[in-house]
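**Student:** Hey, dropping entry14.txt in here, compact mmCIF, C-alpha atoms:
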```txt
# COMPACT_ATOMS: atom_id res chain seq x y z
CA MET A 1 16.87 8.06 9.82
CA PHE A 2 13.83 10.27 9.72
CA CYS A 3 10.29 9.13 8.85
CA GLU A 4 10.34 5.91 10.86
CA LYS A 5 7.09 6.72 12.64
CA ALA A 6 5.41 7.53 9.36
CA MET A 7 6.42 4.09 8.05
CA GLU A 8 4.86 2.51 11.11
CA LEU A 9 1.52 4.07 10.20
CA ILE A 10 1.78 2.75 6.66
CA ARG A 11 2.72 -0.75 7.80
CA GLU A 12 -0.14 -0.82 10.29
CA LEU A 13 -2.61 -0.13 7.51
CA HIS A 14 -0.95 -2.48 5.05
CA ARG A 15 -1.06 -5.31 7.62
CA ALA A 16 -4.82 -5.01 8.17
CA PRO A 17 -6.45 -7.68 5.99
CA GLU A 18 -7.89 -5.90 2.98
CA GLY A 19 -10.74 -3.63 3.81
CA GLN A 20 -10.53 -3.80 7.57
CA LEU A 21 -10.20 -0.52 9.39
CA PRO A 22 -7.71 -0.43 12.27
CA ALA A 23 -8.16 2.14 15.05
CA PHE A 24 -7.18 5.67 14.13
CA ASN A 25 -3.61 6.13 15.27
CA GLU A 26 -3.92 9.62 16.66
CA ASP A 27 -0.75 9.35 18.69
CA GLY A 28 1.32 8.13 15.76
CA LEU A 29 0.05 10.89 13.54
CA ARG A 30 0.85 13.48 16.17
CA GLN A 31 4.43 12.21 16.37
CA VAL A 32 4.84 12.45 12.59
CA LEU A 33 3.58 16.04 12.62
CA GLU A 34 5.97 16.86 15.46
CA GLU A 35 8.88 15.48 13.48
CA MET A 36 7.80 17.57 10.51
CA LYS A 37 7.70 20.68 12.68
CA ALA A 38 11.21 20.00 14.00
CA LEU A 39 12.59 19.37 10.49
CA TYR A 40 10.99 22.52 9.19
CA GLU A 41 12.36 24.67 12.01
CA GLN A 42 15.86 23.23 11.66
CA ASN A 43 15.76 23.96 7.96
CA GLN A 44 14.51 27.52 8.50
CA SER A 45 17.41 28.10 10.83
CA ASP A 46 19.99 26.53 8.49
CA VAL A 47 18.69 28.48 5.48
CA ASN A 48 19.17 31.71 7.40
CA GLU A 49 22.64 30.67 8.40
CA ALA A 50 23.51 29.65 4.83
CA LYS A 51 22.47 33.08 3.61
CA SER A 52 23.81 35.29 6.38
CA ALA A 53 27.00 33.44 7.34
CA GLY A 54 27.83 32.17 3.85
CA ARG A 55 27.40 28.50 4.86
CA GLY A 56 26.68 27.14 1.40
CA ASP A 57 27.91 23.77 2.68
CA LEU A 58 24.65 23.43 4.60
CA ILE A 59 22.66 23.05 1.40
CA PRO A 60 22.96 19.24 1.21
CA THR A 61 21.76 19.08 4.82
CA ILE A 62 18.78 21.28 4.04
CA LYS A 63 17.97 19.11 1.03
CA PHE A 64 18.16 15.96 3.17
CA ARG A 65 15.68 17.35 5.69
CA HIS A 66 13.44 18.64 2.90
CA CYS A 67 13.22 15.14 1.36
CA SER A 68 12.26 13.82 4.78
CA LEU A 69 9.53 16.43 5.11
CA LEU A 70 8.13 15.44 1.72
CA ARG A 71 8.25 11.78 2.70
CA ASN A 72 6.41 12.40 5.96
CA ARG A 73 3.78 14.36 4.08
CA ARG A 74 3.35 11.58 1.54
CA CYS A 75 2.96 8.93 4.23
CA THR A 76 0.47 11.03 6.18
CA VAL A 77 -1.70 11.81 3.17
CA ALA A 78 -1.59 8.20 1.93
CA TYR A 79 -2.53 6.96 5.41
CA LEU A 80 -5.52 9.26 5.69
CA TYR A 81 -6.62 8.63 2.09
CA ASP A 82 -6.44 4.84 2.33
CA ARG A 83 -8.52 4.97 5.50
CA LEU A 84 -11.18 6.97 3.68
CA LEU A 85 -11.27 4.33 0.96
CA ARG A 86 -11.92 1.71 3.63
CA ILE A 87 -14.54 3.85 5.33
CA ARG A 88 -16.29 4.41 2.01
CA ALA A 89 -16.38 0.64 1.48
CA LEU A 90 -18.14 0.31 4.84
CA ARG A 91 -21.17 2.20 3.51
CA TRP A 92 -21.52 -0.33 0.70
CA GLU A 93 -20.91 -3.39 2.81
CA TYR A 94 -22.51 -2.53 6.15
CA GLY A 95 -25.18 -0.06 5.16
CA SER A 96 -25.70 3.38 6.55
CA VAL A 97 -25.61 2.51 10.26
CA LEU A 98 -22.21 1.35 11.43
CA PRO A 99 -21.73 -0.87 14.50
CA ASN A 100 -20.20 0.94 17.45
CA ALA A 101 -17.03 -1.14 17.32
CA LEU A 102 -16.30 0.34 13.92
CA ARG A 103 -17.21 3.89 14.80
CA PHE A 104 -14.76 3.83 17.70
CA HIS A 105 -12.01 3.10 15.19
CA MET A 106 -12.70 6.35 13.34
CA SER A 107 -11.58 9.87 14.16
CA ALA A 108 -14.21 12.57 14.57
CA GLU A 109 -13.32 13.95 11.15
CA GLU A 110 -13.68 10.52 9.59
CA VAL A 111 -17.14 10.07 11.11
CA GLU A 112 -18.07 13.45 9.67
CA TRP A 113 -16.72 12.40 6.28
CA PHE A 114 -18.76 9.19 6.43
CA ASN A 115 -21.91 11.16 7.19
CA HIS A 116 -21.28 13.50 4.27
CA TYR A 117 -20.67 10.55 1.97
CA LYS A 118 -23.86 8.84 3.14
CA LYS A 119 -25.79 12.00 2.43
CA SER A 120 -24.33 12.48 -1.05
CA LEU A 121 -25.08 8.88 -1.92
CA ALA A 122 -28.65 9.17 -0.63
CA THR A 123 -29.24 12.37 -2.59
CA TYR A 124 -27.90 10.71 -5.72
CA MET A 125 -30.02 7.59 -5.26
CA ARG A 126 -33.15 9.69 -4.75
CA SER A 127 -32.51 11.45 -8.03
CA LEU A 128 -32.70 8.18 -9.98
CA GLY A 129 -35.67 6.03 -10.91
CA GLY A 130 -38.54 8.54 -10.78
CA ASP A 131 -40.49 9.32 -7.58
CA GLU A 132 -39.17 6.63 -5.29
CA GLY A 133 -35.53 6.80 -6.22
CA LEU A 134 -33.33 3.72 -6.72
CA ASP A 135 -31.33 1.91 -4.05
CA ILE A 136 -28.17 1.05 -5.92
CA THR A 137 -26.66 -0.65 -2.91
CA GLN A 138 -29.06 -3.51 -3.56
CA ASP A 139 -28.84 -6.14 -6.28
CA MET A 140 -25.06 -6.44 -6.04
CA LYS A 141 -25.38 -9.89 -7.54
CA PRO A 142 -27.52 -10.60 -10.60
CA PRO A 143 -30.81 -12.13 -9.45
CA LYS A 144 -32.25 -15.32 -10.90
CA SER A 145 -35.76 -14.57 -9.70
CA LEU A 146 -37.56 -11.97 -7.64
CA TYR A 147 -38.46 -14.20 -4.72
CA ILE A 148 -36.60 -16.17 -2.07
CA GLU A 149 -37.85 -19.21 -0.17
CA HIS A 150 -40.24 -18.36 2.62
CA PHE A 151 -41.58 -15.86 0.18
CA LEU A 152 -39.84 -12.83 1.44
CA PRO A 153 -39.45 -10.49 -1.46
CA ARG A 154 -35.84 -10.25 -2.53
CA TRP A 155 -35.57 -6.52 -2.19
CA LYS A 156 -36.42 -6.68 1.49
CA CYS A 157 -33.82 -9.34 2.21
CA GLU A 158 -30.68 -8.24 0.50
CA GLN A 159 -29.52 -5.75 3.14
CA LEU A 160 -30.22 -8.18 5.94
CA ILE A 161 -28.34 -10.99 4.22
CA ARG A 162 -25.33 -8.81 3.55
CA GLN A 163 -25.35 -7.77 7.21
CA GLY A 164 -25.27 -11.42 8.18
CA VAL A 165 -28.75 -11.47 9.77
CA LEU A 166 -30.39 -13.80 7.23
CA GLU A 167 -28.96 -16.56 5.10
CA HIS A 168 -29.89 -17.04 1.47
CA VAL A 169 -30.83 -20.69 0.86
CA LEU A 170 -30.96 -21.58 -2.80
CA PRO A 171 -33.63 -24.02 -4.02
CA MET B 1 -11.38 -9.48 0.64
CA SER B 2 -13.65 -6.47 0.75
CA GLU B 3 -15.35 -6.03 -2.60
CA ALA B 4 -15.94 -2.32 -2.19
CA TYR B 5 -12.41 -1.37 -1.07
CA PHE B 6 -10.39 -0.18 -4.07
CA ARG B 7 -6.90 0.60 -2.88
CA VAL B 8 -4.52 2.81 -4.88
CA GLU B 9 -2.44 0.47 -7.01
CA SER B 10 1.29 0.50 -7.47
CA GLY B 11 2.72 2.57 -10.31
CA ALA B 12 6.27 1.36 -9.73
CA LEU B 13 6.46 -0.63 -12.95
CA GLY B 14 5.79 2.54 -14.91
CA PRO B 15 7.70 5.81 -15.06
CA GLU B 16 6.65 6.98 -11.58
CA GLU B 17 5.38 5.60 -8.33
CA ASN B 18 1.83 6.43 -7.31
CA PHE B 19 1.99 9.04 -4.56
CA LEU B 20 -0.89 7.52 -2.59
CA SER B 21 -0.05 3.85 -3.10
CA LEU B 22 0.82 2.04 0.14
CA ASP B 23 2.64 -0.61 -1.92
CA ASP B 24 4.87 2.00 -3.54
CA ILE B 25 5.61 3.65 -0.20
CA LEU B 26 6.71 0.28 1.18
CA MET B 27 8.72 -0.48 -1.95
CA SER B 28 10.57 2.84 -1.82
CA HIS B 29 11.53 2.17 1.80
CA GLU B 30 13.96 -0.53 0.60
CA LYS B 31 17.60 0.47 0.66
CA LEU B 32 20.33 0.79 -1.92
CA PRO B 33 24.08 1.41 -1.68
CA VAL B 34 25.21 5.01 -2.30
CA ARG B 35 28.35 7.11 -2.00
CA THR B 36 28.32 10.68 -0.74
CA GLU B 37 30.12 13.08 -3.08
CA ILE B 38 30.25 15.95 -0.58
CA PRO B 39 30.14 16.20 3.21
CA ILE B 40 26.69 16.54 4.77
CA PRO B 41 26.96 18.61 7.98
CA ARG B 42 24.93 18.11 11.17
CA LEU B 43 23.51 14.70 10.24
CA GLY B 44 26.41 12.56 11.41
CA ALA B 45 24.23 11.18 14.22
CA PHE B 46 22.54 8.89 11.72
CA PHE B 47 25.80 7.16 10.80
CA GLN B 48 27.80 7.38 13.98
CA GLU B 49 30.67 5.14 12.94
CA ARG B 50 31.50 7.44 10.07
CA SER B 51 30.50 10.76 11.56
CA GLY B 52 32.94 13.60 11.83
CA GLY B 53 33.24 15.34 15.20
CA ALA B 54 32.36 18.89 16.14
CA GLU B 55 35.18 20.29 14.03
CA THR B 56 33.39 19.04 10.89
CA ASP B 57 30.04 20.21 12.27
CA HIS B 58 29.14 16.54 12.85
CA ALA B 59 29.14 15.82 9.16
CA ILE B 60 28.70 12.63 7.21
CA PRO B 61 32.05 12.68 5.39
CA GLN B 62 32.51 12.93 1.64
CA GLY B 63 33.09 9.54 0.08
CA SER B 64 31.06 7.62 2.69
CA LYS B 65 29.47 4.39 1.53
CA LEU B 66 25.98 4.20 2.97
CA GLU B 67 22.71 2.36 2.52
CA LEU B 68 19.88 4.80 2.00
CA PRO B 69 16.20 4.15 1.36
CA LEU B 70 15.16 4.59 -2.27
CA TRP B 71 12.98 7.61 -1.51
CA LEU B 72 15.94 9.48 -0.05
CA ALA B 73 18.36 8.43 -2.77
CA LYS B 74 15.87 9.61 -5.41
CA GLY B 75 15.42 12.94 -3.65
CA LEU B 76 19.12 13.67 -3.25
CA PHE B 77 20.25 12.41 -6.66
CA ASP B 78 20.76 14.67 -9.65
CA ASN B 79 22.27 13.87 -13.02
CA LYS B 80 25.44 15.80 -12.20
CA ARG B 81 25.93 13.57 -9.13
CA ARG B 82 26.81 16.58 -7.02
CA MET B 83 25.60 15.12 -3.75
CA LEU B 84 25.32 11.37 -4.28
CA SER B 85 26.34 8.62 -6.61
CA VAL B 86 24.38 5.41 -6.63
CA GLU B 87 25.56 1.83 -6.89
CA LEU B 88 23.43 -1.00 -8.23
CA PRO B 89 22.34 -3.57 -5.62
CA LYS B 90 23.91 -6.97 -6.41
CA ILE B 91 20.76 -8.60 -7.73
CA TYR B 92 20.57 -6.08 -10.55
CA GLN B 93 24.23 -6.43 -11.50
CA GLU B 94 25.66 -8.60 -14.24
CA GLY B 95 26.42 -11.63 -12.07
CA TRP B 96 22.84 -12.12 -10.98
CA ARG B 97 21.46 -11.11 -14.36
CA THR B 98 23.32 -14.10 -15.81
CA VAL B 99 21.75 -16.37 -13.19
CA PHE B 100 18.30 -15.10 -14.11
CA SER B 101 18.87 -15.66 -17.80
CA ALA B 102 19.97 -19.24 -17.12
CA ASP B 103 16.85 -20.14 -15.16
CA ALA B 104 14.55 -17.45 -13.84
CA ASN B 105 12.33 -19.91 -11.98
CA VAL B 106 14.79 -21.11 -9.35
CA VAL B 107 15.37 -17.74 -7.74
CA ASP B 108 13.67 -16.70 -4.52
CA LEU B 109 12.56 -13.24 -5.56
CA HIS B 110 10.86 -12.62 -2.25
CA LYS B 111 14.13 -12.89 -0.41
CA MET B 112 15.83 -10.72 -3.04
CA GLY B 113 13.25 -7.97 -2.81
CA PRO B 114 10.50 -8.36 -1.91
CA HIS B 115 9.70 -5.73 -4.53
CA PHE B 116 12.09 -7.03 -7.17
CA TYR B 117 10.37 -5.67 -10.27
CA GLY B 118 9.09 -2.40 -8.79
CA PHE B 119 12.36 -1.48 -7.15
CA GLY B 120 14.32 -2.54 -10.24
CA SER B 121 12.13 -0.39 -12.47
CA GLN B 122 12.57 2.66 -10.27
CA LEU B 123 16.32 2.07 -10.22
CA LEU B 124 16.37 3.15 -13.85
CA HIS B 125 15.98 6.73 -12.63
CA PHE B 126 19.66 6.78 -11.66
CA ASP B 127 20.95 6.75 -15.24
CA SER B 128 23.24 3.81 -14.88
CA PRO B 129 25.07 2.81 -18.08
CA GLU B 130 23.63 -0.65 -17.41
CA ASN B 131 20.01 0.57 -17.61
CA THR B 132 19.28 -1.17 -20.91
CA ASP B 133 20.58 -4.47 -19.58
CA ILE B 134 18.70 -4.06 -16.32
CA SER B 135 15.36 -3.43 -18.03
CA GLN B 136 15.91 -6.35 -20.38
CA SER B 137 16.74 -8.57 -17.44
CA LEU B 138 13.61 -7.51 -15.52
CA LEU B 139 11.45 -8.20 -18.53
CA GLN B 140 13.00 -11.56 -19.43
CA THR B 141 12.94 -12.73 -15.83
CA PHE B 142 9.25 -12.00 -15.62
CA ILE B 143 8.55 -13.71 -18.93
CA GLY B 144 10.46 -16.76 -17.70
CA ARG B 145 8.44 -17.01 -14.49
CA PHE B 146 5.03 -15.91 -15.62
CA ARG B 147 3.85 -19.21 -17.07
CA ARG B 148 4.33 -21.12 -13.83
CA ILE B 149 2.63 -18.46 -11.80
CA MET B 150 -0.37 -18.44 -14.08
CA ASP B 151 -0.62 -22.25 -14.18
CA SER B 152 -0.31 -22.73 -10.44
CA SER B 153 -2.82 -19.96 -9.68
CA GLN B 154 -5.34 -21.61 -11.99
CA ASN B 155 -4.88 -25.10 -10.59
CA ALA B 156 -4.65 -24.59 -6.84
CA TYR B 157 -8.27 -24.77 -5.69
CA ASN B 158 -9.12 -24.78 -2.00
CA GLU B 159 -5.62 -25.65 -0.87
CA ASP B 160 -2.72 -24.18 1.05
CA THR B 161 -0.80 -22.08 -1.44
CA SER B 162 1.98 -20.86 0.85
CA ALA B 163 4.61 -23.06 -0.81
CA LEU B 164 3.61 -21.80 -4.26
CA VAL B 165 3.94 -18.12 -3.37
CA ALA B 166 6.94 -18.32 -1.03
CA ARG B 167 9.47 -17.39 -3.68
CA LEU B 168 7.38 -14.86 -5.56
CA ASP B 169 7.99 -11.14 -5.27
CA GLU B 170 5.14 -8.83 -4.28
CA MET B 171 3.99 -8.06 -7.82
CA GLU B 172 3.93 -11.77 -8.69
CA ARG B 173 1.98 -12.51 -5.53
CA GLY B 174 -0.60 -9.96 -6.60
CA LEU B 175 -0.83 -11.69 -9.95
CA PHE B 176 -1.23 -15.06 -8.28
CA GLN B 177 -3.98 -13.70 -6.08
CA THR B 178 -5.83 -12.29 -9.08
CA GLY B 179 -5.63 -15.67 -10.75
CA GLN B 180 -6.99 -17.35 -7.65
CA LYS B 181 -9.88 -14.93 -7.47
CA GLY B 182 -10.76 -15.70 -11.08
CA LEU B 183 -10.62 -19.41 -10.36
CA ASN B 184 -12.79 -19.12 -7.25
CA ASP B 185 -15.33 -16.91 -8.98
CA PHE B 186 -15.55 -19.37 -11.85
CA GLN B 187 -16.05 -22.34 -9.52
CA CYS B 188 -18.70 -20.42 -7.67
CA TRP B 189 -20.49 -19.66 -10.93
CA GLU B 190 -20.28 -23.27 -12.08
CA ARG B 191 -21.99 -24.35 -8.86
CA GLY B 192 -24.77 -21.90 -9.58
CA GLN B 193 -23.84 -19.78 -6.60
CA ALA B 194 -23.09 -16.61 -8.48
CA SER B 195 -26.54 -15.23 -7.79
CA GLN B 196 -26.53 -16.25 -4.13
CA ILE B 197 -26.42 -13.27 -1.85
CA THR B 198 -23.87 -13.77 0.89
CA ALA B 199 -22.93 -11.87 3.98
CA SER B 200 -20.30 -9.35 2.99
CA SER B 201 -16.84 -10.76 3.68
CA LEU B 202 -16.06 -7.63 5.68
CA VAL B 203 -18.98 -8.35 7.97
CA GLN B 204 -17.92 -11.98 8.34
CA ASN B 205 -14.42 -10.99 9.35
CA TYR B 206 -15.68 -8.60 11.99
CA LYS B 207 -18.01 -11.25 13.37
CA LYS B 208 -15.18 -13.76 13.67
CA ARG B 209 -13.10 -11.24 15.54
CA LYS B 210 -15.92 -10.36 17.91
CA PHE B 211 -16.32 -14.02 18.78
CA THR B 212 -12.67 -14.43 19.69
CA ASP B 213 -12.82 -11.19 21.71
CA MET B 214 -15.60 -12.75 23.75
CA GLU B 215 -13.56 -15.87 24.32
CA ASN B 216 -10.61 -13.96 25.81
```
Rewrite the structure from the file as structure tokens, please.
**Tutor:**
Amino acid sequence: MFCEKAMELIRELHRAPEGQLPAFNEDGLRQVLEEMKALYEQNQSDVNEAKSAGRGDLIPTIKFRHCSLLRNRRCTVAYLYDRLLRIRALRWEYGSVLPNALRFHMSAEEVEWFNHYKKSLATYMRSLGGDEGLDITQDMKPPKSLYIEHFLPRWKCEQLIRQGVLEHVLP
Amino acid sequence: MSEAYFRVESGALGPEENFLSLDDILMSHEKLPVRTEIPIPRLGAFFQERSGGAETDHAIPQGSKLELPLWLAKGLFDNKRRMLSVELPKIYQEGWRTVFSADANVVDLHKMGPHFYGFGSQLLHFDSPENTDISQSLLQTFIGRFRRIMDSSQNAYNEDTSALVARLDEMERGLFQTGQKGLNDFQCWERGQASQITASSLVQNYKKRKFTDMEN
């Protein structure tokens, strides 16, 4: 059956515990695109034959390959889109500088997308809250007070706690 | 679970699957029994035992009984059944429907699916005369099982839930998980930890992995 490689890509992503970004499967994607090219060319050829040699019986075959092309396209787009959703989540959970281990899992285009997203978010945040702007990636949990033990102001700590550098000890 | 990752949800219980939903793509990969109504040339290689030889142009013969994935069956089906006719998988037929109506809770829907409800809902596209009975059966089966799923998800705190979810289909597992999240969030709030900032779970998972990488 066609589209087996495409299903592998989908399963790989589905298996990754929610939110985690597996390495970009460049090889797998390339194989899916190659299969699509082969299907398309076979169909082009069969369509010509159906028309010129009166082979109307080839129409079910053409339809079969066409469905497979659509399926490969769906899997490819869903794969790329779901990865972008995970990469977007990274900005909110890791901050704007990603550890190298994560960046190596992204394709060049995905890194570019992340940079664009970062920029859009920064522009938006600057436009809020008057002169200084408003960091909406802070205060993800409702605060009880403005200070934390050891008297570090809360707004300085939140990023560092989320990144696992500090631990929040409640009184 | 990452709090900022919002995956595309399944649409399978509604009129159409969601194009971008990984769950729906996996669901539509499941197979169903079909019958070819005309020969399909040049694709015999996929079903070698039935394939015609060169004289048929390596066709899948007319009248072949095959198992095709849902996505393909949907694509090739039309209401005149010119290319394909579709048979209902056993679990959606009358025999099993009777079992479900007797006691929906005993059945292992994971083994039967694992996308029992989603796949069953999308089956309605094939205009079977049994469609009304199938949809009723899906609904009543869910109603019969829902109470237990809800109760167990709200009472299993900090324990191994694998036995509880073993016989649930994918949609029910999602429901169970949602219930568990609600329970955990509530417990956290009761302990006064709702305002405690914690390391993002994503970060924690990556740290755990890095540690085991170092150990290897």
**Student:** Calculated over all atoms listed in the file, which of the candidates A:Leu128, A:Leu121, A:Met106, A:Val165 has the smallest distance to chain B?
**Tutor:**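 That would be A:Val165, the residue with the smallest distance to chain B.
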**Student:** Near stretch 135-144 of chain A, within 9 Å and counting all atoms listed in the file, which residues show up once chain neighbours fewer than 4 positions away are dropped, as a PyMOL selection string?
**Tutor:** (chain A and resi 91-93+95+122+125-126+128+154-155+158-159) or (chain B and resi 194-197)
**Student:** At what distance in Å, to one decimal, does atom CA of B:Pro39 lie from atom CA of A:Val47?
**Tutor:**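 If I compute the distance from atom CA of A:Val47 to atom CA of B:Pro39, I get 16.9 Å.
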**Student:** Compile the contact shell of B:Glu130 as a list in words: residues with an atom at most 9 Å away, counting only C-alpha atoms, same-chain residues fewer than 5 positions apart removed.
**Tutor:**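 Close residues of B:Glu130: Gln93, Glu94, Leu124 and Ser135 of chain B.
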**Student:** Write out the residues from the selection above, keeping C-alpha atoms, as a PDB file, keeping the file's coordinate frame.
**Tutor:**
```pdb
ATOM      1  CA  GLN B  93      24.230  -6.430 -11.500  1.00  0.00           C
ATOM      2  CA  GLU B  94      25.660  -8.600 -14.240  1.00  0.00           C
ATOM      3  CA  LEU B 124      16.370   3.150 -13.850  1.00  0.00           C
ATOM      4  CA  SER B 135      15.360  -3.430 -18.030  1.00  0.00           C
TER       5      SER B 135
END
```
**Student:** What lies within 7 Å of stretch 62-74 of chain B using all atoms listed in the file, ignoring chain neighbours under 2 positions off, as a PDB file with C-alpha atoms, keeping the file's coordinate frame?
**Tutor:**
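Listed below is the output, around30.pdb:
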```pdb
ATOM      1  CA  CYS A  67      13.220  15.140   1.360  1.00  0.00           C
TER       2      CYS A  67
ATOM      3  CA  SER B  28      10.570   2.840  -1.820  1.00  0.00           C
ATOM      4  CA  HIS B  29      11.530   2.170   1.800  1.00  0.00           C
ATOM      5  CA  GLU B  30      13.960  -0.530   0.600  1.00  0.00           C
ATOM      6  CA  LYS B  31      17.600   0.470   0.660  1.00  0.00           C
ATOM      7  CA  LEU B  32      20.330   0.790  -1.920  1.00  0.00           C
ATOM      8  CA  PRO B  33      24.080   1.410  -1.680  1.00  0.00           C
ATOM      9  CA  VAL B  34      25.210   5.010  -2.300  1.00  0.00           C
ATOM     10  CA  ARG B  35      28.350   7.110  -2.000  1.00  0.00           C
ATOM     11  CA  THR B  36      28.320  10.680  -0.740  1.00  0.00           C
ATOM     12  CA  GLU B  37      30.120  13.080  -3.080  1.00  0.00           C
ATOM     13  CA  ILE B  38      30.250  15.950  -0.580  1.00  0.00           C
ATOM     14  CA  PRO B  39      30.140  16.200   3.210  1.00  0.00           C
ATOM     15  CA  ILE B  60      28.700  12.630   7.210  1.00  0.00           C
ATOM     16  CA  LEU B  76      19.120  13.670  -3.250  1.00  0.00           C
ATOM     17  CA  PHE B  77      20.250  12.410  -6.660  1.00  0.00           C
TER      18      PHE B  77
END
```
**Student:** Keeping N, CA, C and O atoms, write stretch 51-62 of chain B of the structure just shown out as a short mmCIF file (atom, residue, chain, number, x, y, z; two decimals), in the first residue's frame.
**Tutor:**
```cif
data_model
loop_
_atom_site.label_atom_id
_atom_site.label_comp_id
_atom_site.auth_asym_id
_atom_site.auth_seq_id
_atom_site.Cartn_x
_atom_site.Cartn_y
_atom_site.Cartn_z
N SER B 51 -3.97 -11.04 -7.62
CA SER B 51 -3.65 -10.25 -8.81
C SER B 51 -3.76 -11.02 -10.10
O SER B 51 -3.36 -12.18 -10.19
N GLY B 52 -4.29 -10.37 -11.10
CA GLY B 52 -4.29 -10.94 -12.44
C GLY B 52 -2.89 -10.84 -13.02
O GLY B 52 -2.05 -10.10 -12.52
N GLY B 53 -2.60 -11.59 -14.05
CA GLY B 53 -1.27 -11.52 -14.68
C GLY B 53 -1.23 -10.41 -15.70
O GLY B 53 -2.08 -9.52 -15.74
N ALA B 54 -0.22 -10.49 -16.57
CA ALA B 54 0.00 -9.43 -17.55
C ALA B 54 -1.19 -9.27 -18.49
O ALA B 54 -1.48 -8.16 -18.97
N GLU B 55 -1.90 -10.36 -18.72
CA GLU B 55 -3.02 -10.28 -19.69
C GLU B 55 -4.17 -9.41 -19.15
O GLU B 55 -4.99 -8.91 -19.91
N THR B 56 -4.21 -9.25 -17.81
CA THR B 56 -5.23 -8.35 -17.25
C THR B 56 -4.62 -6.99 -16.94
O THR B 56 -5.26 -6.15 -16.31
N ASP B 57 -3.38 -6.80 -17.35
CA ASP B 57 -2.64 -5.58 -17.00
C ASP B 57 -2.41 -5.53 -15.49
O ASP B 57 -2.52 -4.48 -14.86
N HIS B 58 -2.12 -6.70 -14.91
CA HIS B 58 -1.82 -6.83 -13.48
C HIS B 58 -2.89 -6.18 -12.61
O HIS B 58 -2.60 -5.41 -11.69
N ALA B 59 -4.13 -6.55 -12.90
CA ALA B 59 -5.23 -5.88 -12.22
C ALA B 59 -5.62 -6.58 -10.92
O ALA B 59 -5.42 -7.79 -10.76
N ILE B 60 -6.17 -5.81 -10.02
CA ILE B 60 -6.91 -6.38 -8.89
C ILE B 60 -8.28 -6.73 -9.48
O ILE B 60 -8.98 -5.85 -9.99
N PRO B 61 -8.68 -8.01 -9.43
CA PRO B 61 -9.90 -8.41 -10.13
C PRO B 61 -11.17 -7.79 -9.54
O PRO B 61 -11.22 -7.40 -8.38
N GLN B 62 -12.20 -7.74 -10.38
CA GLN B 62 -13.52 -7.35 -9.90
C GLN B 62 -14.00 -8.41 -8.91
O GLN B 62 -13.72 -9.59 -9.07
#
```
